[in-house]
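What follows is a short report on a single structure.
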Amino acid sequence: MTIREMQDEIIRLKKEKDICILVHAYESHDIWEVADYVGDSYGLSKQAAAAPQQNVLMCGVRFMAETCKILSPEKRVYLSHPEAGCPMAEQMDKEMIAYYKELHPDVTVVAYINTTADLKTVCDVCVTSASALKIVKNMEQEHLLFIPDINLGSWIKNQCPEKQIELLQGGCPTHVLLSVKDVKRMKQKHPEALLLVHPESRPEVVELADYVGSTTGIMNFAKESSAKEFIIGTENSIVQHLQMECPEKRFYELSKDCVCRNMKLTTLADVYNMVKYGEAEEILMEEETRLAAKKCIDKMLELGG
Ligand code: 13P
Ligand code: SF4
């Protein structure tokens, strides 16, 4: 079976079986081509609730499928690969944050969406990289604990001097690989190129960027910019997608190491096996957990617009 034949069969079967395929932008282009929607975490979480289909296949990582289930309990939600987790989402647990709240009763916990459903049950507001700044600025509370990403948290903290923001040591093992040395090397090679960086990167890298934003933010900036060359400081599949979508421009990887192994676990064959044979893990969640976790996601949608 060729890739094209497999894609045609997926498209036919997903309609027949009422399956919505949601795809995070870090997945490969052959998966993008069978998607109902491709986007960043914020777009995916909004789309999860809006999709009319009864079944959803999330091609991304576990917390994204969990978010989808939290927002759409009546739907059957499947994760594209059972081992596709986000290491950052596993770094902190509910007990640790509940204890922090006990010690600091006046603190409001802002959780990056890259957290487990279980951890979300003790958090107050959820954010994504696309919505974090707007949401934190819109919050009336002043004393915040931002978890788990210390880099995204620092980026927010720098732009919100009016808030008292506490941070804990957590973060993305992929974006943390991007360094100032990479920036210097790539800028020397491509002096005209603009540097676009995801805020999960180290603060010293973020500081050198011409634009900082979410996955979708970076893609939109590159497409709309009149510049012709870009160095991309996020997961490397974004370089490939942008190059395909804007063949007249040039895109360079900030580092060849910026590859999320977890996002890359999902293949087109996994998507095919799910729509053809139903072979994928269904996300199941206790109703008590779902309702408790939903509170902070609802707050995100309310404050993020
Ligand atoms: P986005 O919200 O930009 O999609 O980021 C999610 C993520 O996991 C990036 O590493
Ligand atoms: Fe998690 Fe980083 Fe992969 Fe995003 S890139 S899913 S934050 S490990």
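Identifiers in this document derive from the order of the structure tokens: chains are assigned A, B, ..., residues are numbered from 1 separately in each chain, and ligands are numbered from 1 in order of occurrence.
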| message | Need the shell around segment 82-98 of chain A: protein/DNA/RNA residues with any atom at most 9 Å away, counting only C-alpha atoms. Skip same-chain ones fewer than 2 positions apart. Format as JSON, numbers by chain? | response | {"A": [60, 61, 62, 63, 79, 80, 100, 101, 102, 103, 109, 112, 113, 114, 115, 116, 118, 119, 120, 121, 122, 123, 147, 148, 149, 170, 171, 172, 173, 260, 261, 262, 263, 264, 265, 266, 280, 281]}
Checklist line | Per-residue DSSP, segment 163-270 of chain A, filtered to helix (DSSP H, G or I), as an MDAnalysis selection string | finding: chainID A and resid 175:177 180:189 203:206 215:224 237:245 263:265 268:270
**Request:** Can you tell me which residues come within 8 Å of ligand 1 when counting only C-alpha atoms and all ligand atoms, ideally as a VMD selection string?
**Result:** chain A and resid 24 to 26 39 to 42 86 113 to 114 128 to 130 172 174 to 175 198 200 213 to 217 234 to 235 260
Using only C-alpha atoms, the residue out of A:Ser255, A:Gly153, A:Asn138, A:Cys68 with shortest distance to Val180 of chain A is A:Ser255
Taking only C-alpha atoms into account, produce a table as CSV in which each residue of segment 225-290 of chain A with an atom at most 9 Å from an atom of segment 3-16 of chain A appears once, together with its shortest atom pair and the distance in Å to one decimal, ordered by chain and rising number.
```
residue,atom,partner,partner_atom,distance
A:Leu268,CA,A:Gln7,CA,8.0
A:Ala269,CA,A:Met6,CA,8.0
A:Val271,CA,A:Ile10,CA,7.4
A:Tyr272,CA,A:Ile10,CA,5.8
A:Val275,CA,A:Leu13,CA,6.1
A:Lys276,CA,A:Leu13,CA,6.8
```
Suppose we keep all heavy atoms; can you now write the selection as a PDB file, in the first residue's frame?
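again39.pdb, freshly written:
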```pdb
ATOM      1  N   LEU A 268       1.796   7.182  10.338  1.00  0.00           N
ATOM      2  CA  LEU A 268       0.564   7.105   9.539  1.00  0.00           C
ATOM      3  C   LEU A 268      -0.083   5.723   9.699  1.00  0.00           C
ATOM      4  O   LEU A 268      -1.307   5.601   9.706  1.00  0.00           O
ATOM      5  CB  LEU A 268       0.881   7.396   8.065  1.00  0.00           C
ATOM      6  CG  LEU A 268      -0.331   7.540   7.146  1.00  0.00           C
ATOM      7  CD1 LEU A 268      -1.141   8.799   7.493  1.00  0.00           C
ATOM      8  CD2 LEU A 268       0.088   7.576   5.679  1.00  0.00           C
ATOM      9  N   ALA A 269       0.747   4.704   9.881  1.00  0.00           N
ATOM     10  CA  ALA A 269       0.219   3.340  10.064  1.00  0.00           C
ATOM     11  C   ALA A 269      -0.611   3.249  11.351  1.00  0.00           C
ATOM     12  O   ALA A 269      -1.621   2.534  11.394  1.00  0.00           O
ATOM     13  CB  ALA A 269       1.369   2.338  10.104  1.00  0.00           C
ATOM     14  N   VAL A 271      -2.422   5.646  12.577  1.00  0.00           N
ATOM     15  CA  VAL A 271      -3.696   6.298  12.250  1.00  0.00           C
ATOM     16  C   VAL A 271      -4.561   5.324  11.441  1.00  0.00           C
ATOM     17  O   VAL A 271      -5.753   5.145  11.708  1.00  0.00           O
ATOM     18  CB  VAL A 271      -3.447   7.613  11.460  1.00  0.00           C
ATOM     19  CG1 VAL A 271      -4.764   8.303  11.131  1.00  0.00           C
ATOM     20  CG2 VAL A 271      -2.533   8.551  12.247  1.00  0.00           C
ATOM     21  N   TYR A 272      -3.928   4.669  10.500  1.00  0.00           N
ATOM     22  CA  TYR A 272      -4.632   3.690   9.654  1.00  0.00           C
ATOM     23  C   TYR A 272      -5.210   2.558  10.514  1.00  0.00           C
ATOM     24  O   TYR A 272      -6.380   2.197  10.386  1.00  0.00           O
ATOM     25  CB  TYR A 272      -3.652   3.146   8.615  1.00  0.00           C
ATOM     26  CG  TYR A 272      -4.245   2.113   7.706  1.00  0.00           C
ATOM     27  CD1 TYR A 272      -5.070   2.489   6.641  1.00  0.00           C
ATOM     28  CD2 TYR A 272      -4.005   0.756   7.909  1.00  0.00           C
ATOM     29  CE1 TYR A 272      -5.628   1.535   5.803  1.00  0.00           C
ATOM     30  CE2 TYR A 272      -4.553  -0.204   7.078  1.00  0.00           C
ATOM     31  CZ  TYR A 272      -5.368   0.186   6.029  1.00  0.00           C
ATOM     32  OH  TYR A 272      -5.927  -0.760   5.212  1.00  0.00           O
ATOM     33  N   VAL A 275      -8.336   3.786  12.464  1.00  0.00           N
ATOM     34  CA  VAL A 275      -9.591   3.966  11.712  1.00  0.00           C
ATOM     35  C   VAL A 275     -10.067   2.656  11.086  1.00  0.00           C
ATOM     36  O   VAL A 275     -11.265   2.420  10.940  1.00  0.00           O
ATOM     37  CB  VAL A 275      -9.500   5.087  10.637  1.00  0.00           C
ATOM     38  CG1 VAL A 275      -9.278   6.447  11.277  1.00  0.00           C
ATOM     39  CG2 VAL A 275      -8.429   4.808   9.613  1.00  0.00           C
ATOM     40  N   LYS A 276      -9.141   1.782  10.743  1.00  0.00           N
ATOM     41  CA  LYS A 276      -9.525   0.521  10.070  1.00  0.00           C
ATOM     42  C   LYS A 276      -9.964  -0.545  11.086  1.00  0.00           C
ATOM     43  O   LYS A 276     -11.004  -1.158  10.956  1.00  0.00           O
ATOM     44  CB  LYS A 276      -8.317   0.025   9.269  1.00  0.00           C
ATOM     45  CG  LYS A 276      -8.501  -1.295   8.571  1.00  0.00           C
ATOM     46  CD  LYS A 276      -8.759  -1.123   7.100  1.00  0.00           C
ATOM     47  CE  LYS A 276      -8.933  -2.462   6.397  1.00  0.00           C
ATOM     48  NZ  LYS A 276      -9.621  -2.341   5.149  1.00  0.00           N
TER      49      LYS A 276
END
```
- request: Write out as a ChimeraX atom specification the residues lying within 7 Å of Arg76 of chain A, counting only C-alpha atoms and excluding same-chain residues fewer than 3 positions away.
  value: /A:54-56,282
